file entry-v8.json (JSON, C-alpha atoms and all ligand atoms)
[["chain", "number", "residue", "atom", "x", "y", "z"],
["A", 1, "MET", "CA", -7.58, -4.51, -1.00],
["A", 2, "PHE", "CA", -7.22, -1.17, -2.75],
["A", 3, "ILE", "CA", -8.04, -1.61, -6.45],
["A", 4, "ARG", "CA", -7.95, 2.12, -7.11],
["A", 5, "LYS", "CA", -5.68, 4.19, -4.91],
["A", 6, "ARG", "CA", -6.40, 7.74, -3.89],
["A", 7, "LYS", "CA", -4.56, 10.56, -5.60],
["A", 8, "LYS", "CA", -4.70, 14.24, -4.83],
["A", 9, "PRO", "CA", -7.97, 15.40, -6.47],
["A", 10, "LEU", "CA", -7.37, 16.96, -9.88],
["A", 11, "THR", "CA", -9.12, 20.23, -8.96],
["A", 12, "LEU", "CA", -6.90, 20.57, -5.88],
["A", 13, "GLN", "CA", -3.83, 19.85, -8.04],
["A", 14, "LYS", "CA", -4.93, 22.65, -10.34],
["A", 15, "LEU", "CA", -5.52, 25.13, -7.50],
["A", 16, "ASP", "CA", -2.18, 24.31, -5.86],
["A", 17, "THR", "CA", -0.51, 24.96, -9.22],
["A", 18, "LEU", "CA", -2.52, 28.10, -9.82],
["A", 19, "ILE", "CA", -2.02, 29.92, -6.50],
["A", 20, "PRO", "CA", 1.77, 30.52, -6.77],
["A", 21, "ARG", "CA", 1.27, 31.66, -10.37],
["A", 22, "LEU", "CA", -1.17, 34.45, -9.56],
["A", 23, "SER", "CA", -0.17, 37.96, -8.69],
["A", 24, "LEU", "CA", -0.81, 38.88, -5.05],
["A", 25, "SER", "CA", -3.11, 41.66, -6.27],
["A", 26, "CYS", "CA", -5.40, 39.19, -8.10],
["A", 27, "LYS", "CA", -8.80, 39.80, -6.55],
["A", 28, "GLN", "CA", -9.93, 36.19, -6.86],
["A", 29, "LEU", "CA", -6.89, 34.94, -4.94],
["A", 30, "PRO", "CA", -8.51, 34.89, -1.45],
["A", 31, "TYR", "CA", -11.47, 32.83, -2.75],
["A", 32, "ILE", "CA", -9.17, 30.46, -4.61],
["A", 33, "LYS", "CA", -7.08, 29.96, -1.46],
["A", 34, "GLN", "CA", -10.25, 29.32, 0.55],
["A", 35, "ASP", "CA", -11.49, 26.74, -1.96],
["A", 36, "ALA", "CA", -8.09, 25.03, -2.03],
["A", 37, "ALA", "CA", -8.08, 24.80, 1.78],
["A", 38, "LYS", "CA", -11.58, 23.27, 1.72],
["A", 39, "LEU", "CA", -10.58, 20.67, -0.85],
["A", 40, "GLN", "CA", -7.40, 19.87, 1.06],
["A", 41, "LYS", "CA", -9.46, 19.33, 4.19],
["A", 42, "GLY", "CA", -11.81, 16.97, 2.39],
["A", 43, "TYR", "CA", -8.84, 15.10, 0.93],
["A", 44, "ASN", "CA", -7.27, 14.74, 4.39],
["A", 45, "GLY", "CA", -10.53, 13.32, 5.73],
["A", 46, "GLU", "CA", -10.75, 10.82, 2.87],
["A", 47, "ARG", "CA", -7.19, 9.69, 3.51],
["A", 48, "ARG", "CA", -8.01, 9.19, 7.16],
["A", 49, "LEU", "CA", -10.85, 6.85, 6.18],
["A", 50, "ASP", "CA", -8.46, 5.02, 3.80],
["A", 51, "PHE", "CA", -6.13, 4.47, 6.74],
["A", 52, "TYR", "CA", -8.83, 2.57, 8.64],
["A", 53, "LEU", "CA", -10.17, 0.74, 5.58],
["A", 54, "GLN", "CA", -6.80, -0.84, 4.83],
["A", 55, "SER", "CA", -7.39, -3.27, 7.70],
["A", 56, "LEU", "CA", -10.20, -4.96, 5.71],
["A", 57, "SER", "CA", -9.45, -8.40, 4.24],
["A", 58, "ASN", "CA", -8.71, -8.91, 0.53],
["A", 59, "ASN", "CA", -12.29, -10.00, 0.07],
["A", 60, "TYR", "CA", -13.22, -6.32, 0.06],
["A", 61, "TYR", "CA", -12.30, -4.43, -3.10],
["A", 62, "ILE", "CA", -11.78, -0.76, -2.33],
["A", 63, "LEU", "CA", -11.99, 1.90, -5.06],
["A", 64, "SER", "CA", -11.12, 5.46, -4.07],
["A", 65, "ASP", "CA", -12.54, 8.63, -5.58],
["A", 66, "VAL", "CA", -14.80, 7.05, -8.17],
["A", 67, "GLY", "CA", -16.26, 9.45, -10.72],
["A", 68, "LEU", "CA", -18.91, 7.98, -13.03],
["A", 69, "GLU", "CA", -21.37, 9.31, -15.53],
["A", 70, "PHE", "CA", -24.91, 8.20, -16.19],
["A", 71, "TYR", "CA", -26.77, 9.90, -19.06],
["A", 72, "ASN", "CA", -24.79, 13.12, -18.60],
["A", 73, "ARG", "CA", -25.27, 13.04, -14.85],
["A", 74, "LYS", "CA", -21.95, 12.92, -13.10],
["A", 75, "PHE", "CA", -21.67, 11.38, -9.68],
["A", 76, "GLN", "CA", -18.74, 10.84, -7.41],
["A", 77, "ILE", "CA", -18.07, 8.43, -4.56],
["A", 78, "ASP", "CA", -15.31, 9.08, -2.01],
["A", 79, "SER", "CA", -14.81, 5.38, -1.26],
["A", 80, "LEU", "CA", -16.58, 2.47, -2.92],
["A", 81, "ILE", "CA", -16.20, -1.01, -1.44],
["A", 82, "ILE", "CA", -17.41, -4.23, -3.03],
["A", 83, "SER", "CA", -17.62, -7.54, -1.22],
["A", 84, "PRO", "CA", -18.95, -10.87, -2.49],
["A", 85, "HIS", "CA", -22.25, -9.91, -0.81],
["A", 86, "ALA", "CA", -22.80, -6.19, -1.25],
["A", 87, "MET", "CA", -21.54, -2.77, -2.23],
["A", 88, "TYR", "CA", -20.81, 0.03, 0.25],
["A", 89, "LEU", "CA", -20.60, 3.71, -0.64],
["A", 90, "PHE", "CA", -18.82, 6.12, 1.68],
["A", 91, "GLU", "CA", -19.09, 9.87, 1.75],
["A", 92, "THR", "CA", -16.53, 11.44, 4.08],
["A", 93, "LYS", "CA", -17.12, 14.56, 6.18],
["A", 94, "ASN", "CA", -14.19, 16.33, 7.74],
["A", 95, "PHE", "CA", -15.68, 18.98, 10.04],
["A", 96, "GLU", "CA", -14.66, 20.56, 13.30],
["A", 97, "GLY", "CA", -16.97, 21.35, 16.19],
["A", 98, "THR", "CA", -20.52, 20.01, 16.42],
["A", 99, "LEU", "CA", -22.46, 18.52, 13.52],
["A", 100, "THR", "CA", -26.21, 18.39, 13.89],
["A", 101, "PHE", "CA", -28.23, 16.13, 11.62],
["A", 102, "ASP", "CA", -31.77, 17.44, 11.51],
["A", 103, "THR", "CA", -33.99, 14.73, 10.01],
["A", 104, "ILE", "CA", -37.11, 16.90, 10.26],
["A", 105, "HIS", "CA", -35.84, 19.85, 8.25],
["A", 106, "ARG", "CA", -33.37, 17.69, 6.32],
["A", 107, "GLN", "CA", -30.37, 19.82, 7.15],
["A", 108, "MET", "CA", -26.84, 19.37, 8.38],
["A", 109, "ILE", "CA", -25.65, 22.19, 10.58],
["A", 110, "GLN", "CA", -22.12, 22.79, 11.74],
["A", 111, "PHE", "CA", -21.46, 24.79, 14.87],
["A", 112, "ASN", "CA", -17.86, 25.84, 15.27],
["A", 113, "ASN", "CA", -16.10, 28.93, 16.68],
["A", 114, "ASN", "CA", -19.46, 30.46, 17.59],
["A", 115, "GLN", "CA", -20.59, 30.24, 14.00],
["A", 116, "GLU", "CA", -23.44, 28.25, 12.56],
["A", 117, "LYS", "CA", -23.34, 26.99, 8.97],
["A", 118, "SER", "CA", -25.83, 24.92, 7.04],
["A", 119, "PHE", "CA", -24.83, 22.29, 4.46],
["A", 120, "THR", "CA", -26.52, 20.01, 1.92],
["A", 121, "TYR", "CA", -28.29, 17.23, 3.78],
["A", 122, "PRO", "CA", -25.90, 14.31, 3.27],
["A", 123, "ILE", "CA", -28.57, 11.63, 3.63],
["A", 124, "THR", "CA", -30.38, 12.85, 0.51],
["A", 125, "GLN", "CA", -27.04, 13.13, -1.23],
["A", 126, "ALA", "CA", -26.11, 9.56, -0.23],
["A", 127, "ASP", "CA", -29.47, 8.18, -1.35],
["A", 128, "ASN", "CA", -29.20, 9.94, -4.70],
["A", 129, "THR", "CA", -25.72, 8.56, -5.27],
["A", 130, "ALA", "CA", -26.88, 5.04, -4.38],
["A", 131, "TYR", "CA", -29.78, 5.39, -6.80],
["A", 132, "LEU", "CA", -27.51, 6.58, -9.62],
["A", 133, "MET", "CA", -25.08, 3.75, -8.85],
["A", 134, "MET", "CA", -27.88, 1.23, -9.10],
["A", 135, "GLN", "CA", -28.99, 2.66, -12.46],
["A", 136, "TRP", "CA", -25.41, 2.66, -13.67],
["A", 137, "LEU", "CA", -24.93, -1.03, -12.80],
["A", 138, "GLU", "CA", -28.16, -1.91, -14.56],
["A", 139, "ASN", "CA", -27.17, 0.11, -17.59],
["A", 140, "HIS", "CA", -23.90, -1.83, -17.82],
["A", 141, "GLN", "CA", -25.75, -5.14, -17.63],
["A", 142, "LEU", "CA", -24.27, -5.99, -14.28],
["A", 143, "LYS", "CA", -26.03, -8.23, -11.79],
["A", 144, "SER", "CA", -27.87, -6.34, -9.08],
["A", 145, "ILE", "CA", -26.22, -6.09, -5.69],
["A", 146, "PRO", "CA", -27.39, -4.67, -2.34],
["A", 147, "ILE", "CA", -26.05, -1.13, -1.87],
["A", 148, "GLN", "CA", -25.49, 0.40, 1.52],
["A", 149, "THR", "CA", -24.36, 3.99, 2.00],
["A", 150, "TYR", "CA", -22.46, 5.51, 4.90],
["A", 151, "ILE", "CA", -21.40, 8.96, 5.93],
["A", 152, "ALA", "CA", -18.02, 8.71, 7.61],
["A", 153, "ILE", "CA", -16.99, 11.37, 10.11],
["A", 154, "ALA", "CA", -13.25, 11.75, 9.66],
["A", 155, "GLN", "CA", -12.38, 13.34, 12.99],
["A", 156, "LYS", "CA", -12.96, 11.68, 16.33],
["A", 157, "SER", "CA", -13.28, 15.11, 17.92],
["A", 158, "THR", "CA", -16.38, 16.03, 15.88],
["A", 159, "ILE", "CA", -19.47, 15.97, 18.08],
["A", 160, "ILE", "CA", -22.53, 14.42, 16.44],
["A", 161, "ARG", "CA", -26.01, 15.57, 17.42],
["A", 162, "VAL", "CA", -29.32, 14.41, 16.06],
["A", 163, "GLN", "CA", -32.55, 16.31, 15.86],
["A", 164, "GLY", "CA", -35.40, 13.98, 15.01],
["A", 165, "ASP", "CA", -34.92, 10.37, 13.93],
["A", 166, "ASP", "CA", -31.94, 9.06, 15.90],
["A", 167, "GLU", "CA", -32.18, 5.57, 14.45],
["A", 168, "LEU", "CA", -31.97, 6.78, 10.87],
["A", 169, "ILE", "CA", -28.81, 8.77, 11.53],
["A", 170, "THR", "CA", -27.20, 5.89, 13.43],
["A", 171, "LYS", "CA", -27.74, 3.74, 10.35],
["A", 172, "TYR", "CA", -25.95, 6.17, 8.06],
["A", 173, "VAL", "CA", -23.46, 8.18, 10.08],
["A", 174, "ILE", "CA", -20.40, 6.46, 11.49],
["A", 175, "GLN", "CA", -16.97, 7.37, 12.76],
["A", 176, "ALA", "CA", -14.24, 6.66, 10.19],
["A", 177, "GLU", "CA", -12.48, 4.62, 12.82],
["A", 178, "ASP", "CA", -15.49, 2.30, 13.20],
["A", 179, "ALA", "CA", -15.94, 1.84, 9.44],
["A", 180, "PRO", "CA", -14.21, -1.55, 9.06],
["A", 181, "LEU", "CA", -16.09, -3.18, 11.95],
["A", 182, "ARG", "CA", -19.45, -1.77, 10.88],
["A", 183, "LEU", "CA", -18.82, -2.99, 7.38],
["A", 184, "ILE", "CA", -17.82, -6.49, 8.43],
["A", 185, "HIS", "CA", -20.88, -6.70, 10.66],
["A", 186, "GLN", "CA", -23.21, -5.52, 7.89],
["A", 187, "ASP", "CA", -21.60, -7.85, 5.37],
["A", 188, "LYS", "CA", -22.14, -10.79, 7.69],
["A", 189, "GLN", "CA", -25.83, -9.96, 7.80],
["A", 190, "TYR", "CA", -26.01, -9.87, 4.00],
["A", 191, "GLY", "CA", -24.08, -13.14, 4.00],
["A", 192, "GLU", "CA", -26.72, -14.82, 6.10],
["A", 193, "ALA", "CA", -29.43, -13.89, 3.63],
["A", 194, "THR", "CA", -27.62, -14.36, 0.31],
["A", 195, "GLN", "CA", -24.90, -16.46, -1.25],
["A", 196, "ALA", "CA", -21.42, -15.05, -1.81],
["A", 197, "ASP", "CA", -20.79, -14.05, -5.42],
["A", 198, "PRO", "CA", -17.13, -13.15, -5.90],
["A", 199, "GLN", "CA", -17.52, -13.21, -9.70],
["A", 200, "ARG", "CA", -20.12, -10.47, -9.48],
["A", 201, "ARG", "CA", -17.74, -8.44, -7.31],
["A", 202, "ASN", "CA", -14.88, -8.92, -9.80],
["A", 203, "LYS", "CA", -17.05, -8.04, -12.80],
["A", 204, "ILE", "CA", -18.42, -4.88, -11.15],
["A", 205, "ALA", "CA", -14.96, -3.75, -10.04],
["A", 206, "SER", "CA", -13.42, -4.26, -13.49],
["A", 207, "THR", "CA", -16.32, -2.55, -15.27],
["A", 208, "ILE", "CA", -16.09, 0.46, -12.95],
["A", 209, "MET", "CA", -12.33, 0.61, -13.50],
["A", 210, "THR", "CA", -12.78, 0.89, -17.27],
["A", 211, "HIS", "CA", -15.29, 3.74, -16.93],
["A", 212, "VAL", "CA", -13.99, 5.67, -13.93],
["A", 213, "GLN", "CA", -13.08, 9.31, -14.52],
["A", 214, "ASP", "CA", -11.16, 11.97, -12.62],
["A", 215, "PHE", "CA", -13.61, 14.84, -12.48],
["A", 216, "SER", "CA", -12.24, 18.33, -12.17],
["A", 217, "VAL", "CA", -13.34, 21.89, -12.41],
["A", 218, "ASN", "CA", -12.17, 24.22, -15.18],
["A", 219, "VAL", "CA", -10.50, 26.63, -12.77],
["A", 220, "MET", "CA", -9.78, 29.32, -15.37],
["A", 221, "GLU", "CA", -13.47, 29.48, -16.19],
["A", 222, "LYS", "CA", -14.67, 29.21, -12.61],
["A", 223, "TYR", "CA", -12.53, 32.09, -11.35],
["A", 224, "GLN", "CA", -12.79, 34.04, -14.62],
["A", 225, "LEU", "CA", -9.07, 34.06, -15.25],
["A", 226, "THR", "CA", -7.30, 34.48, -18.56],
["A", 227, "LYS", "CA", -3.97, 33.17, -19.72],
["A", 228, "GLU", "CA", -2.51, 36.58, -18.96],
["A", 229, "ASP", "CA", -3.32, 36.16, -15.26],
["A", 230, "ILE", "CA", -0.99, 33.19, -15.04],
["A", 231, "LYS", "CA", 2.60, 34.17, -14.33],
["A", 232, "PRO", "CA", 5.07, 32.47, -16.67],
["A", 233, "GLY", "CA", 8.50, 31.28, -15.58],
["A", 234, "THR", "CA", 10.24, 28.06, -14.68],
["A", 235, "ARG", "CA", 9.45, 26.99, -11.14],
["A", 236, "CYS", "CA", 12.21, 26.20, -8.68],
["A", 237, "SER", "CA", 11.42, 22.98, -6.80],
["A", 238, "SER", "CA", 13.29, 24.23, -3.78],
["A", 239, "CYS", "CA", 11.97, 27.78, -3.18],
["A", 240, "SER", "CA", 8.94, 27.76, -5.57],
["A", 241, "GLN", "CA", 9.98, 31.06, -7.20],
["A", 242, "LEU", "CA", 9.36, 31.31, -10.94],
["A", 243, "ASN", "CA", 12.70, 32.82, -11.89],
["A", 244, "MET", "CA", 14.89, 29.90, -12.95],
["A", 245, "ILE", "CA", 17.35, 30.74, -15.71],
["A", 246, "TYR", "CA", 18.44, 28.30, -18.39],
["A", 247, "ASN", "CA", 22.13, 28.21, -19.02],
["A", 248, "GLN", "CA", 24.21, 25.58, -20.78],
["A", 249, "GLY", "CA", 21.69, 22.79, -20.39],
["A", 250, "LYS", "CA", 20.95, 23.56, -16.75],
["A", 251, "TRP", "CA", 18.42, 25.57, -14.79],
["A", 252, "ILE", "CA", 19.72, 27.82, -12.03],
["A", 253, "CYS", "CA", 17.58, 29.58, -9.44],
["A", 254, "PRO", "CA", 18.84, 33.12, -8.77],
["A", 255, "ASP", "CA", 16.81, 33.24, -5.54],
["A", 256, "CYS", "CA", 18.16, 30.18, -3.75],
["A", 257, "GLY", "CA", 20.96, 28.80, -5.94],
["A", 258, "GLU", "CA", 19.20, 25.49, -6.68],
["A", 259, "THR", "CA", 20.22, 23.85, -9.95],
["A", 260, "SER", "CA", 18.22, 21.37, -12.01],
["A", 261, "LYS", "CA", 18.36, 19.66, -15.39],
["A", 262, "SER", "CA", 14.63, 18.98, -15.54],
["A", 263, "ALA", "CA", 12.85, 21.96, -13.94],
["A", 264, "HIS", "CA", 11.05, 22.61, -17.23],
["A", 265, "ILE", "CA", 9.13, 19.32, -16.94],
["A", 266, "ALA", "CA", 7.16, 20.44, -13.87],
["A", 267, "THR", "CA", 6.66, 23.88, -15.44],
["A", 268, "LEU", "CA", 5.28, 22.39, -18.66],
["A", 269, "GLN", "CA", 2.99, 20.24, -16.51],
["A", 270, "ASP", "CA", 1.74, 23.44, -14.86],
["A", 271, "TYR", "CA", 0.96, 24.78, -18.31],
["A", 272, "PHE", "CA", -0.91, 21.64, -19.36],
["A", 273, "LEU", "CA", -2.85, 21.52, -16.10],
["A", 274, "LEU", "CA", -3.97, 25.15, -16.20],
["A", 275, "ILE", "CA", -3.86, 26.58, -19.69],
["A", 276, "ASP", "CA", -4.01, 24.08, -22.52],
["A", 277, "SER", "CA", -3.38, 20.46, -23.41],
["A", 278, "LYS", "CA", -0.98, 21.54, -26.15],
["A", 279, "ILE", "CA", 1.87, 24.02, -26.36],
["A", 280, "THR", "CA", 3.49, 25.71, -29.36],
["A", 281, "ILE", "CA", 7.17, 26.58, -29.46],
["A", 282, "LYS", "CA", 6.28, 30.25, -29.22],
["A", 283, "GLU", "CA", 4.15, 29.66, -26.15],
["A", 284, "ALA", "CA", 6.86, 27.52, -24.58],
["A", 285, "GLN", "CA", 9.38, 30.33, -25.20],
["A", 286, "ARG", "CA", 7.09, 32.69, -23.32],
["A", 287, "PHE", "CA", 6.23, 30.29, -20.49],
["A", 288, "LEU", "CA", 9.76, 28.98, -19.87],
["A", 289, "LYS", "CA", 11.13, 32.50, -20.47],
["A", 290, "ILE", "CA", 13.74, 31.43, -23.01],
["A", 291, "SER", "CA", 14.08, 33.62, -26.07],
["A", 292, "ASP", "CA", 16.13, 31.18, -28.14],
["A", 293, "ARG", "CA", 13.70, 29.15, -30.26],
["A", 294, "HIS", "CA", 16.21, 26.35, -30.91],
["A", 295, "LYS", "CA", 16.94, 25.88, -27.23],
["A", 296, "VAL", "CA", 13.21, 25.57, -26.53],
["A", 297, "TYR", "CA", 12.84, 23.10, -29.39],
["A", 298, "ARG", "CA", 15.58, 20.91, -27.88],
["A", 299, "ILE", "CA", 13.98, 21.12, -24.42],
["A", 300, "LEU", "CA", 10.53, 20.14, -25.74],
["A", 301, "LYS", "CA", 12.03, 17.26, -27.70],
["A", 302, "LYS", "CA", 13.62, 15.88, -24.56],
["A", 303, "SER", "CA", 10.48, 16.36, -22.42],
["A", 304, "ASN", "CA", 8.59, 13.18, -23.29],
["A", 305, "LEU", "CA", 6.09, 15.10, -25.42],
["A", 306, "LEU", "CA", 4.73, 14.33, -28.85],
["A", 307, "TYR", "CA", 4.74, 16.77, -31.73],
["A", 308, "ASP", "CA", 1.36, 16.95, -33.39],
["A", 309, "PHE", "CA", 1.82, 18.11, -37.00],
["A", 310, "LYS", "CA", -1.83, 18.96, -37.43],
["A", 311, "LEU", "CA", -1.93, 21.18, -34.35],
["A", 312, "GLN", "CA", 1.66, 22.37, -34.90],
["A", 313, "ALA", "CA", 2.15, 22.02, -31.19],
["A", 314, "TRP", "CA", 3.51, 19.66, -28.59],
["A", 315, "ILE", "CA", 1.17, 17.46, -26.59],
["A", 316, "ARG", "CA", 1.57, 15.15, -23.65],
["A", 317, "THR", "CA", 2.02, 11.49, -24.45],
["A", 318, "LYS", "CA", -0.96, 9.39, -23.34],
["A", 319, "ASN", "CA", 0.83, 7.29, -20.74],
["A", 320, "LYS", "CA", 2.24, 10.39, -19.07],
["A", 321, "LYS", "CA", -1.19, 11.82, -18.39],
["B", 1, "ZN", "ZN", 14.92, 28.58, -5.75]]
call {"tool": "encode", "arguments": {"input": "entry-v8.json", "output": "structure tokens"}}
result
Amino acid sequence: MFIRKRKKPLTLQKLDTLIPRLSLSCKQLPYIKQDAAKLQKGYNGERRLDFYLQSLSNNYYILSDVGLEFYNRKFQIDSLIISPHAMYLFETKNFEGTLTFDTIHRQMIQFNNNQEKSFTYPITQADNTAYLMMQWLENHQLKSIPIQTYIAIAQKSTIIRVQGDDELITKYVIQAEDAPLRLIHQDKQYGEATQADPQRRNKIASTIMTHVQDFSVNVMEKYQLTKEDIKPGTRCSSCSQLNMIYNQGKWICPDCGETSKSAHIATLQDYFLLIDSKITIKEAQRFLKISDRHKVYRILKKSNLLYDFKLQAWIRTKNKK
């Protein structure tokens, strides 16, 4: 049972919003596009694992994309599953070609299109996450629970090779497709040794849910962009151009003819996602490209925003976050 459903990762949301708002001559654009493609790939792999995990019984509580903090150390789990016997942490890898796990040099090497690339050794990563998780549970006065970590290979076509300790890798690395069966099998083994504790599962799941965070990167900082690099303009939902014109309570796209009464809502969301969590009337005039202050005031008032008198700006309402 999915307790926390997967959403598009916040950093990917930001990059997808950012890319169409950068000028084609922006020199960071190729890197930003590359990073967005990488994140999208990871997200696709995670969703593939979700697809297989949904066959698990309601005894298994599934929490997707869990970001937690422990004494200023942030850690993130792609899929976290809690049963009455144990907790399972999944890290998903979505790679093409051949993946070699080298247990001697503690490396993961991808070979694809005649290119060899080395990545962080996922076993160390998985062990670290499990350790932090354990500390986190203890810190929140939760009962201890066995923790098992897995590395799920999202694509069936990925070839897995092992250099060194075969047994170790077989314990950790599994095909996403095999995840439910492996989990059920492992859980049965825990079940033979310990008593089921559904209360512990419920308590852990609810405590995690109250502390879980959506981690994201400050993309403006990361790519050294300023507000001036972001193209203003109201985005057309049909052709994605930023040229919509406001006329008599309606937005019209001069590029494709699309009309909309609420195009400003998505555009203001773009602003909040990329630039600031608040917007002044003056800024909104600039970003929506409407010179008439009163018109902008009326639009902001209708946009489910709150006016903060202290900041003299409009902010998003909490439940719309
Ligand atoms: Zn259009």
call {"tool": "closest_atom_pairs", "arguments": {"input": "entry-v8.json", "of": "chain A", "to": "ligand ZN 1 (chain B)", "cutoff": "9 Å", "atoms": "all atoms listed in the file", "output": "JSON lines"}}
result
{"residue": "A:Arg235", "atom": "CA", "partner": "B:ZN1", "partner_atom": "ZN", "distance": 7.8}
{"residue": "A:Cys236", "atom": "CA", "partner": "B:ZN1", "partner_atom": "ZN", "distance": 4.6}
{"residue": "A:Ser237", "atom": "CA", "partner": "B:ZN1", "partner_atom": "ZN", "distance": 6.7}
{"residue": "A:Ser238", "atom": "CA", "partner": "B:ZN1", "partner_atom": "ZN", "distance": 5.0}
{"residue": "A:Cys239", "atom": "CA", "partner": "B:ZN1", "partner_atom": "ZN", "distance": 4.0}
{"residue": "A:Ser240", "atom": "CA", "partner": "B:ZN1", "partner_atom": "ZN", "distance": 6.0}
{"residue": "A:Gln241", "atom": "CA", "partner": "B:ZN1", "partner_atom": "ZN", "distance": 5.7}
{"residue": "A:Leu242", "atom": "CA", "partner": "B:ZN1", "partner_atom": "ZN", "distance": 8.1}
{"residue": "A:Asn243", "atom": "CA", "partner": "B:ZN1", "partner_atom": "ZN", "distance": 7.8}
{"residue": "A:Met244", "atom": "CA", "partner": "B:ZN1", "partner_atom": "ZN", "distance": 7.3}
{"residue": "A:Ile252", "atom": "CA", "partner": "B:ZN1", "partner_atom": "ZN", "distance": 7.9}
{"residue": "A:Cys253", "atom": "CA", "partner": "B:ZN1", "partner_atom": "ZN", "distance": 4.7}
{"residue": "A:Pro254", "atom": "CA", "partner": "B:ZN1", "partner_atom": "ZN", "distance": 6.7}
{"residue": "A:Asp255", "atom": "CA", "partner": "B:ZN1", "partner_atom": "ZN", "distance": 5.0}
{"residue": "A:Cys256", "atom": "CA", "partner": "B:ZN1", "partner_atom": "ZN", "distance": 4.1}
{"residue": "A:Gly257", "atom": "CA", "partner": "B:ZN1", "partner_atom": "ZN", "distance": 6.0}
{"residue": "A:Glu258", "atom": "CA", "partner": "B:ZN1", "partner_atom": "ZN", "distance": 5.4}
{"residue": "A:Thr259", "atom": "CA", "partner": "B:ZN1", "partner_atom": "ZN", "distance": 8.3}
call {"tool": "closest_residue", "arguments": {"input": "entry-v8.json", "among": "A:Thr149, A:Asn304, A:Ser291, A:Asn113", "to": "Leu183 of chain A", "atoms": "only C-alpha atoms"}}
result
A:Thr149
call {"tool": "residues_around", "arguments": {"input": "entry-v8.json", "residues": "Glu283 of chain A", "least_positions_apart": "4", "cutoff": "10 Å", "atoms": "all atoms listed in the file", "output": "number ranges by chain"}}
result
A: 232, 271, 278-279, 287-289, 296, 313
call {"tool": "write_last_selection", "arguments": {"input": "entry-v8.json", "atoms": "C-alpha atoms", "output": "mmCIF file, keeping the file's coordinate frame"}}
result
data_model
loop_
_atom_site.group_PDB
_atom_site.id
_atom_site.type_symbol
_atom_site.label_atom_id
_atom_site.label_comp_id
_atom_site.auth_asym_id
_atom_site.auth_seq_id
_atom_site.Cartn_x
_atom_site.Cartn_y
_atom_site.Cartn_z
ATOM 1 C CA PRO A 232 5.070 32.470 -16.670
ATOM 2 C CA TYR A 271 0.960 24.780 -18.310
ATOM 3 C CA LYS A 278 -0.980 21.540 -26.150
ATOM 4 C CA ILE A 279 1.870 24.020 -26.360
ATOM 5 C CA PHE A 287 6.230 30.290 -20.490
ATOM 6 C CA LEU A 288 9.760 28.980 -19.870
ATOM 7 C CA LYS A 289 11.130 32.500 -20.470
ATOM 8 C CA VAL A 296 13.210 25.570 -26.530
ATOM 9 C CA ALA A 313 2.150 22.020 -31.190
#
call {"tool": "closest_residue", "arguments": {"input": "entry-v8.json", "among": "A:Cys26, A:Ile315, A:Leu300, A:Met209", "to": "Gly67 of chain A", "atoms": "all atoms listed in the file"}}
result
A:Met209
call {"tool": "closest_residue", "arguments": {"input": "entry-v8.json", "among": "A:Ser23, A:Gln135, A:Gln163, A:Thr210", "to": "Phe101 of chain A", "atoms": "all atoms listed in the file"}}
result
A:Gln163
call {"tool": "closest_residue", "arguments": {"input": "entry-v8.json", "among": "A:Ile32, A:Ile62, A:Ile19, A:Leu306", "to": "Ile81 of chain A", "atoms": "all atoms listed in the file"}}
result
A:Ile62
call {"tool": "residues_around", "arguments": {"input": "entry-v8.json", "residues": "Ser216 of chain A", "least_positions_apart": "5", "cutoff": "9 Å", "atoms": "all atoms listed in the file", "output": "PyMOL selection string"}}
result
chain A and resi 9-12+14
call {"tool": "residues_around", "arguments": {"input": "entry-v8.json", "residues": "Ala176 of chain A", "least_positions_apart": "4", "cutoff": "10 Å", "atoms": "only C-alpha atoms", "output": "CSV table (one decimal) with C-alpha atoms, in the frame of the given file"}}
result
chain,number,residue,atom,x,y,z
A,45,GLY,CA,-10.5,13.3,5.7
A,46,GLU,CA,-10.8,10.8,2.9
A,48,ARG,CA,-8.0,9.2,7.2
A,49,LEU,CA,-10.8,6.8,6.2
A,50,ASP,CA,-8.5,5.0,3.8
A,51,PHE,CA,-6.1,4.5,6.7
A,52,TYR,CA,-8.8,2.6,8.6
A,53,LEU,CA,-10.2,0.7,5.6
A,90,PHE,CA,-18.8,6.1,1.7
A,92,THR,CA,-16.5,11.4,4.1
A,93,LYS,CA,-17.1,14.6,6.2
A,94,ASN,CA,-14.2,16.3,7.7
A,150,TYR,CA,-22.5,5.5,4.9
A,151,ILE,CA,-21.4,9.0,5.9
A,152,ALA,CA,-18.0,8.7,7.6
A,153,ILE,CA,-17.0,11.4,10.1
A,154,ALA,CA,-13.2,11.8,9.7
A,155,GLN,CA,-12.4,13.3,13.0
A,156,LYS,CA,-13.0,11.7,16.3
A,180,PRO,CA,-14.2,-1.6,9.1
A,182,ARG,CA,-19.4,-1.8,10.9
call {"tool": "closest_residue", "arguments": {"input": "entry-v8.json", "among": "A:Trp251, A:Leu24, A:Asp308, A:Gly164", "to": "Ile290 of chain A", "atoms": "all atoms listed in the file"}}
result
A:Trp251
call {"tool": "closest_residue", "arguments": {"input": "entry-v8.json", "among": "A:Arg293, A:His85, A:Lys231, A:His264", "to": "Arg201 of chain A", "atoms": "all atoms listed in the file"}}
result
A:His85
